[in-house]
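Pasting coords-v8.csv here (CSV, C-alpha atoms):
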chain,number,residue,atom,x,y,z
S,1,MET,CA,-81.3,-2.4,-114.3
S,2,PRO,CA,-80.2,0.4,-111.9
S,3,LEU,CA,-81.9,3.7,-112.4
S,4,GLU,CA,-78.8,5.8,-111.7
S,5,THR,CA,-75.4,4.3,-111.3
S,6,HIS,CA,-73.4,7.5,-111.9
S,7,ALA,CA,-73.2,9.1,-108.5
S,8,ALA,CA,-75.0,12.5,-108.2
S,9,PRO,CA,-73.1,15.2,-106.3
S,10,ASP,CA,-76.3,16.5,-104.7
S,11,LEU,CA,-80.1,16.0,-104.5
S,12,ALA,CA,-80.7,18.8,-107.1
S,13,ILE,CA,-78.6,17.0,-109.7
S,14,ALA,CA,-80.2,13.7,-108.8
S,15,ASP,CA,-83.6,15.2,-109.4
S,16,GLN,CA,-82.5,16.7,-112.7
S,17,ARG,CA,-81.2,13.4,-113.8
S,18,ARG,CA,-84.4,11.6,-112.9
S,19,GLN,CA,-86.5,14.2,-114.8
S,20,ALA,CA,-84.1,14.0,-117.8
S,21,ARG,CA,-84.7,10.3,-118.0
S,22,ILE,CA,-88.4,10.7,-117.7
S,23,ASP,CA,-88.5,13.3,-120.5
S,24,LEU,CA,-86.2,11.3,-122.8
S,25,ALA,CA,-88.3,8.2,-122.3
S,26,ALA,CA,-91.4,10.3,-123.0
S,27,ALA,CA,-89.8,11.5,-126.3
S,28,HIS,CA,-89.2,7.9,-127.4
S,29,ARG,CA,-92.8,6.9,-126.7
S,30,LEU,CA,-94.2,10.0,-128.3
S,31,ALA,CA,-92.2,9.3,-131.4
S,32,VAL,CA,-94.0,5.9,-131.7
S,33,MET,CA,-97.3,7.7,-131.2
S,34,HIS,CA,-96.5,10.2,-133.9
S,35,GLY,CA,-95.0,7.7,-136.4
S,36,PHE,CA,-91.5,9.1,-136.2
S,37,HIS,CA,-89.7,5.9,-135.3
S,38,GLU,CA,-88.2,3.2,-137.6
S,39,GLY,CA,-88.1,-0.2,-136.0
S,40,ILE,CA,-85.3,-0.5,-133.4
S,41,PHE,CA,-83.1,2.1,-135.2
S,42,ASN,CA,-82.7,5.9,-135.0
S,43,HIS,CA,-81.5,7.6,-131.9
S,44,PHE,CA,-82.6,10.1,-129.2
S,45,THR,CA,-79.8,11.0,-126.8
S,46,LEU,CA,-79.3,13.5,-124.0
S,47,ARG,CA,-76.3,14.8,-122.1
S,48,VAL,CA,-76.3,13.5,-118.5
S,49,PRO,CA,-77.1,16.6,-116.4
S,50,GLY,CA,-74.2,17.7,-114.3
S,51,ALA,CA,-71.7,15.6,-116.3
S,52,GLU,CA,-69.3,16.7,-119.1
S,53,ASP,CA,-68.3,13.3,-120.5
S,54,ARG,CA,-71.4,11.2,-121.1
S,55,TYR,CA,-74.9,11.0,-122.5
S,56,TYR,CA,-78.0,8.8,-122.1
S,57,GLN,CA,-78.8,6.2,-124.8
S,58,ILE,CA,-81.1,3.2,-124.9
S,59,PRO,CA,-79.6,-0.3,-125.2
S,60,PHE,CA,-79.5,-1.6,-128.7
S,61,GLY,CA,-82.5,-3.8,-129.6
S,62,LEU,CA,-85.1,-2.0,-127.5
S,63,HIS,CA,-88.2,-0.9,-129.4
S,64,TRP,CA,-89.1,2.7,-128.6
S,65,SER,CA,-92.5,1.6,-127.3
S,66,GLU,CA,-90.6,-0.3,-124.6
S,67,VAL,CA,-88.5,2.6,-123.4
S,68,THR,CA,-88.7,3.6,-119.7
S,69,ALA,CA,-86.9,6.1,-117.6
S,70,SER,CA,-84.8,3.4,-115.9
S,71,CYS,CA,-83.5,1.7,-119.1
S,72,PHE,CA,-81.0,4.3,-120.3
S,73,MET,CA,-77.3,3.6,-120.4
S,74,GLU,CA,-74.7,6.3,-119.8
S,75,VAL,CA,-72.3,6.3,-122.7
S,76,GLY,CA,-69.0,8.2,-122.6
S,77,TYR,CA,-67.9,10.5,-125.4
S,78,ASP,CA,-65.3,7.8,-126.1
S,79,GLY,CA,-68.0,5.2,-126.7
S,80,SER,CA,-67.4,3.4,-123.4
S,81,LEU,CA,-70.4,2.1,-121.4
S,82,LEU,CA,-70.2,4.0,-118.1
S,83,ALA,CA,-73.4,2.9,-116.4
S,84,GLY,CA,-76.4,0.6,-117.2
S,85,GLU,CA,-76.5,-2.5,-119.3
S,86,GLY,CA,-76.7,-3.3,-123.0
S,87,HIS,CA,-75.0,-2.8,-126.3
S,88,VAL,CA,-74.0,0.7,-127.5
S,89,GLU,CA,-75.3,1.0,-131.0
S,90,ARG,CA,-72.4,2.1,-133.1
S,91,SER,CA,-74.0,4.6,-135.5
S,92,ALA,CA,-75.7,6.3,-132.5
S,93,TYR,CA,-72.4,6.8,-130.8
S,94,CYS,CA,-70.6,8.0,-134.0
S,95,ILE,CA,-73.3,10.6,-134.8
S,96,HIS,CA,-74.3,11.7,-131.4
S,97,ALA,CA,-71.2,11.8,-129.2
S,98,PRO,CA,-69.4,14.3,-131.4
S,99,MET,CA,-72.5,16.5,-131.6
S,100,HIS,CA,-73.0,16.5,-127.8
S,101,ARG,CA,-69.3,17.3,-127.4
S,102,LEU,CA,-68.9,20.0,-130.0
S,103,LEU,CA,-72.2,21.9,-130.0
S,104,PRO,CA,-72.9,23.9,-126.9
S,105,ASN,CA,-76.7,23.9,-127.5
S,106,ALA,CA,-76.9,20.2,-128.3
S,107,ALA,CA,-77.8,18.8,-124.8
S,108,ALA,CA,-80.4,16.8,-126.8
S,109,VAL,CA,-79.7,15.2,-130.2
S,110,PHE,CA,-82.6,13.5,-132.0
S,111,HIS,CA,-82.1,11.7,-135.2
S,112,THR,CA,-84.9,9.9,-137.1
S,113,HIS,CA,-85.9,8.6,-140.5
S,114,MET,CA,-89.5,9.9,-140.1
S,115,PRO,CA,-91.4,9.6,-143.3
S,116,TYR,CA,-92.2,13.1,-144.6
S,117,ALA,CA,-88.9,14.8,-143.6
S,118,SER,CA,-87.0,11.8,-145.0
S,119,ALA,CA,-88.9,12.0,-148.3
S,120,LEU,CA,-88.1,15.7,-148.6
S,121,ALA,CA,-84.4,14.8,-147.9
S,122,ARG,CA,-84.5,12.5,-150.9
S,123,LEU,CA,-85.4,15.2,-153.4
S,124,GLU,CA,-82.7,16.9,-155.5
S,125,ASP,CA,-83.8,20.1,-153.8
S,126,PRO,CA,-84.8,19.4,-150.2
S,127,GLN,CA,-85.2,23.0,-149.2
S,128,ILE,CA,-88.1,24.0,-147.0
S,129,LEU,CA,-90.0,26.5,-149.1
S,130,PRO,CA,-91.4,29.8,-148.0
S,131,ILE,CA,-95.0,28.9,-148.4
S,132,GLY,CA,-96.4,29.4,-144.9
S,133,GLN,CA,-95.8,30.7,-141.4
S,134,THR,CA,-94.8,27.3,-139.9
S,135,GLU,CA,-92.4,26.7,-142.7
S,136,LEU,CA,-90.6,30.0,-142.0
S,137,GLY,CA,-90.3,29.2,-138.3
S,138,THR,CA,-88.6,25.9,-139.2
S,139,SER,CA,-86.5,26.9,-142.2
S,140,MET,CA,-84.9,29.9,-140.5
S,141,ASN,CA,-83.1,27.4,-138.1
S,142,THR,CA,-82.5,24.6,-140.7
S,143,ALA,CA,-79.1,23.5,-142.1
S,144,TYR,CA,-78.7,21.2,-145.1
S,145,ASP,CA,-76.2,18.4,-145.5
S,146,ASP,CA,-76.0,17.8,-149.2
S,147,ILE,CA,-74.0,14.6,-149.2
S,148,TYR,CA,-74.7,11.1,-147.9
S,149,THR,CA,-71.4,9.3,-147.0
S,150,GLY,CA,-72.8,5.9,-146.0
S,151,PRO,CA,-73.4,4.3,-142.6
S,152,ALA,CA,-71.9,6.3,-139.8
S,153,PHE,CA,-69.5,3.9,-138.2
S,154,ASP,CA,-66.7,6.5,-137.5
S,155,PRO,CA,-67.0,9.4,-135.1
S,156,ALA,CA,-65.5,11.6,-137.8
S,157,GLU,CA,-69.0,11.6,-139.4
S,158,GLY,CA,-70.5,13.0,-136.3
S,159,GLU,CA,-67.8,15.7,-136.2
S,160,ARG,CA,-68.6,16.5,-139.9
S,161,LEU,CA,-72.3,16.8,-139.1
S,162,ALA,CA,-71.7,19.0,-136.1
S,163,GLY,CA,-69.8,21.3,-138.5
S,164,VAL,CA,-72.8,21.3,-140.9
S,165,VAL,CA,-75.3,22.1,-138.2
S,166,GLY,CA,-73.2,25.0,-136.8
S,167,ASN,CA,-75.6,27.3,-134.9
S,168,LYS,CA,-78.7,25.9,-136.5
S,169,THR,CA,-81.1,23.5,-134.7
S,170,VAL,CA,-82.5,21.3,-137.5
S,171,LEU,CA,-80.4,19.3,-140.0
S,172,MET,CA,-81.8,17.9,-143.2
S,173,MET,CA,-79.6,15.0,-144.1
S,174,ALA,CA,-79.5,14.2,-147.9
S,175,ASN,CA,-80.7,10.7,-148.9
S,176,HIS,CA,-81.1,9.9,-145.2
S,177,GLY,CA,-83.3,11.7,-142.6
S,178,ILE,CA,-83.3,14.5,-140.2
S,179,ALA,CA,-81.7,15.5,-136.9
S,180,THR,CA,-82.6,18.2,-134.4
S,181,VAL,CA,-80.7,19.5,-131.4
S,182,GLY,CA,-81.8,21.4,-128.4
S,183,ARG,CA,-80.9,22.6,-124.9
S,184,SER,CA,-83.6,20.2,-123.6
S,185,VAL,CA,-85.7,17.3,-124.6
S,186,ALA,CA,-88.6,19.6,-125.1
S,187,GLU,CA,-86.7,21.8,-127.6
S,188,ALA,CA,-85.4,18.9,-129.6
S,189,TYR,CA,-88.8,17.1,-129.8
S,190,ASP,CA,-90.7,20.3,-130.6
S,191,ARG,CA,-88.3,21.0,-133.5
S,192,LEU,CA,-88.7,17.4,-134.7
S,193,TYR,CA,-92.5,17.6,-134.5
S,194,TYR,CA,-92.7,20.8,-136.5
S,195,ALA,CA,-90.1,19.7,-139.1
S,196,GLU,CA,-92.2,16.7,-139.9
S,197,ARG,CA,-95.4,18.7,-140.2
S,198,VAL,CA,-93.6,21.3,-142.4
S,199,ALA,CA,-92.3,18.5,-144.7
S,200,GLN,CA,-95.8,16.8,-144.8
S,201,VAL,CA,-97.6,20.0,-145.7
S,202,GLN,CA,-95.0,20.9,-148.4
S,203,LEU,CA,-95.2,17.5,-150.0
S,204,TYR,CA,-99.0,17.5,-149.9
S,205,ALA,CA,-98.9,20.9,-151.7
S,206,MET,CA,-96.4,19.7,-154.2
S,207,TRP,CA,-98.5,16.6,-154.9
S,208,THR,CA,-101.4,18.7,-156.2
S,209,ASN,CA,-99.1,19.7,-159.2
S,210,ARG,CA,-100.5,23.2,-158.9
S,211,PRO,CA,-98.2,26.2,-158.6
S,212,LEU,CA,-97.1,26.9,-155.0
S,213,LYS,CA,-97.8,30.4,-153.6
S,214,MET,CA,-94.5,31.7,-152.4
S,215,LEU,CA,-94.5,34.4,-149.7
S,216,PRO,CA,-93.0,37.7,-150.8
S,217,LYS,CA,-89.5,38.4,-149.5
S,218,GLU,CA,-90.6,41.3,-147.4
S,219,VAL,CA,-93.1,39.1,-145.6
S,220,VAL,CA,-90.5,36.4,-145.1
S,221,ASP,CA,-88.0,38.9,-143.7
S,222,HIS,CA,-90.6,40.5,-141.4
S,223,THR,CA,-91.9,37.1,-140.1
S,224,ILE,CA,-88.4,35.8,-139.4
S,225,SER,CA,-87.5,39.1,-137.6
S,226,THR,CA,-90.6,38.8,-135.5
S,227,TYR,CA,-89.8,35.2,-134.5
S,228,ARG,CA,-86.3,36.2,-133.5
S,229,LYS,CA,-87.1,39.4,-131.6
S,230,THR,CA,-90.7,39.7,-130.4
S,231,ALA,CA,-92.2,36.2,-130.2
S,232,PRO,CA,-94.2,36.1,-127.0
S,233,ARG,CA,-93.5,33.9,-124.0
S,234,TYR,CA,-96.3,32.8,-121.7
S,235,GLY,CA,-95.5,32.4,-118.0
S,236,ASP,CA,-91.8,32.9,-118.9
S,237,ARG,CA,-91.8,29.5,-120.6
S,238,SER,CA,-91.0,28.7,-124.2
S,239,ASN,CA,-93.6,27.3,-126.6
S,240,ALA,CA,-91.5,24.1,-126.7
S,241,GLU,CA,-91.9,23.6,-123.0
S,242,TRP,CA,-95.7,24.2,-123.1
S,243,HIS,CA,-96.0,21.8,-126.1
S,244,PHE,CA,-93.9,19.0,-124.6
S,245,ASP,CA,-95.8,19.2,-121.3
S,246,ALA,CA,-99.1,18.9,-123.2
S,247,LEU,CA,-97.8,15.9,-125.1
S,248,LYS,CA,-96.7,14.2,-121.8
S,249,ARG,CA,-100.2,14.7,-120.4
S,250,ILE,CA,-101.6,12.9,-123.4
S,251,LEU,CA,-99.0,10.2,-122.9
S,252,ASP,CA,-99.7,9.8,-119.2
S,253,ARG,CA,-103.4,9.0,-120.0
S,254,LYS,CA,-102.3,6.3,-122.4
S,255,GLU,CA,-99.1,4.7,-121.1
S,256,ALA,CA,-97.7,6.3,-118.0
S,257,ASP,CA,-95.3,3.3,-117.4
S,258,TYR,CA,-92.6,5.2,-119.4
S,259,ARG,CA,-91.9,7.0,-116.0
S,260,ASP,CA,-90.8,3.7,-114.4

Is it possible to give me this structure as structure tokens?
Amino acid sequence: MPLETHAAPDLAIADQRRQARIDLAAAHRLAVMHGFHEGIFNHFTLRVPGAEDRYYQIPFGLHWSEVTASCFMEVGYDGSLLAGEGHVERSAYCIHAPMHRLLPNAAAVFHTHMPYASALARLEDPQILPIGQTELGTSMNTAYDDIYTGPAFDPAEGERLAGVVGNKTVLMMANHGIATVGRSVAEAYDRLYYAERVAQVQLYAMWTNRPLKMLPKEVVDHTISTYRKTAPRYGDRSNAEWHFDALKRILDRKEADYRD
């Protein structure tokens, strides 16, 4: 299967596309390592750098533990296969293509049925509660879709979900799962990782059947304001970039063939 069949206009774009494929492959492998995947389903997609009409998607039927940088298809926003080989999974197209097209900050769109976030999404009240620092960092950027409409086999569903997400970056999907968006693979995966941890800790706390210790409103407001205005950057890089690079180093020691 060719690594890149959509012609790159210059070397810089070609390098960006190569790195994008490597990062997206790493995200699939890491999702297996972290237990975020569900068989051959769920979807991680990424806009093709330098292109305005297509995104990367794995061929249907590939297990995430098999994903490599060279396996991705290029799928048009109209659902057509523009490069690569394989079947375009319908629900991936119907959810992801409209979100890539309609949301400026959704270069990466990650959707999973990972266990803790999906369990939280099945509660009558799936809200992330203000019971800790990590919870606030995630909840401030979380939107909630309160209805499940059935399998997503029409792009209208992706358009609806894009409207629900709006300017947020995490979407809790009622009776379903979760989605995150980001300007990069690193951002989308970092948000996915912490959303699952937040859901896990909240469910663990709820399982004790003891009263939850809610943070006072003034602490919530101060913490969120701090996150938005004065959160430090190290080496002029985001925490998501540092985190994802660390995860890739772990992956490289275990299964570096994802780069192939």

Interatomic distance, CA of Ile22 (chain S) to CA of Leu247 (chain S) (Å, one decimal): 13.0 Å

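By all atoms listed in the file, and with residues fewer than 4 positions from Ala188 (chain S) along its chain excluded, the set lying at most 10 Å from it is Ala27, Phe44, Leu46, Ala106, Ala107, Ala108, Val109, Phe110, His111, Thr169, Val170, Ala179, Thr180, Val181, Gly182, Arg183, Ser184, Leu192, Tyr193, Ala240 and Phe244 of chain S.
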
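Residues surrounding Ala256 (chain S) within 12 Å are Ile22, Asp23, Ala25, Ala26, Arg29, Leu30, Ser65, Glu66, Val67, Thr68, Ala69, Leu247, Lys248, Arg249, Ile250 and Leu251 of chain S [all atoms listed in the file; sequence separation below 5 positions excluded].
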
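Ranking S:Arg197, S:His43, S:His100, S:His87 by their shortest atom-to-atom distance to His113 (chain S), with all atoms listed in the file included, puts S:His43 first.
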
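Excluding His243 (chain S) itself and any same-chain residue fewer than 4 positions from it, the protein and nucleic acid residues within 8 Å of it, counting all atoms listed in the file, are S:Ala186, S:Asp190, S:Asn239, S:Leu247.
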
Tell me, as a VMD selection string, which residues lie within 9 Å of region 47-64 of chain S, counting all atoms listed in the file; anything in the same chain fewer than 5 positions away does not count. chain S and resid 8 to 9 13 to 14 16 to 17 20 to 21 24 to 25 28 to 32 37 39 to 41 71 to 79 82 84 to 89 92 to 93 96 to 97 100 to 101 106 to 109

Do a neighbour search on Leu129 (chain S) at 8 Å with all atoms listed in the file, toss out local chain neighbours closer than 5 positions, and write the hits as a PyMOL selection string. chain S and resi 135-136+139+202+214

So which one's closest to Pro216 (chain S), S:Ala162, S:Ile178, S:Pro232, S:Gly132? Using only C-alpha atoms, please. S:Gly132

CA of Thr226 (chain S) to CA of Met140 (chain S): how many Å, to one decimal? 11.7 Å

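Separating CA of Gln127 (chain S) from CA of Ala195 (chain S) is a distance of 11.7 Å.
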
Around region 41-46 of chain S, with edges along x, y and z and 3 Å added on all six sides, what centre and edge lengths do you get, in Å to one decimal, as JSON?
{"center_x": -81.2, "center_y": 7.8, "center_z": -129.6, "size_x": 9.8, "size_y": 17.4, "size_z": 17.2}

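Nearest to Arg160 (chain S) of all the residues S:Tyr148, S:Trp242, S:Tyr189, S:Tyr227 is S:Tyr148, counting only C-alpha atoms.
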
Shortest contact to Arg18 (chain S), candidates S:Arg259, S:Met114, S:Leu123, S:Ala205, atoms counted only C-alpha atoms, goes to S:Arg259

Nearest to Thr45 (chain S), restricted to all atoms listed in the file and choosing among S:Lys217, S:Glu124, S:Pro98, S:Met33, comes out as S:Pro98

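Distances here use all atoms listed in the file; by that measure, the residue among S:Tyr234, S:Tyr258, S:Phe153, S:Tyr144 closest to His176 (chain S) is S:Tyr144.
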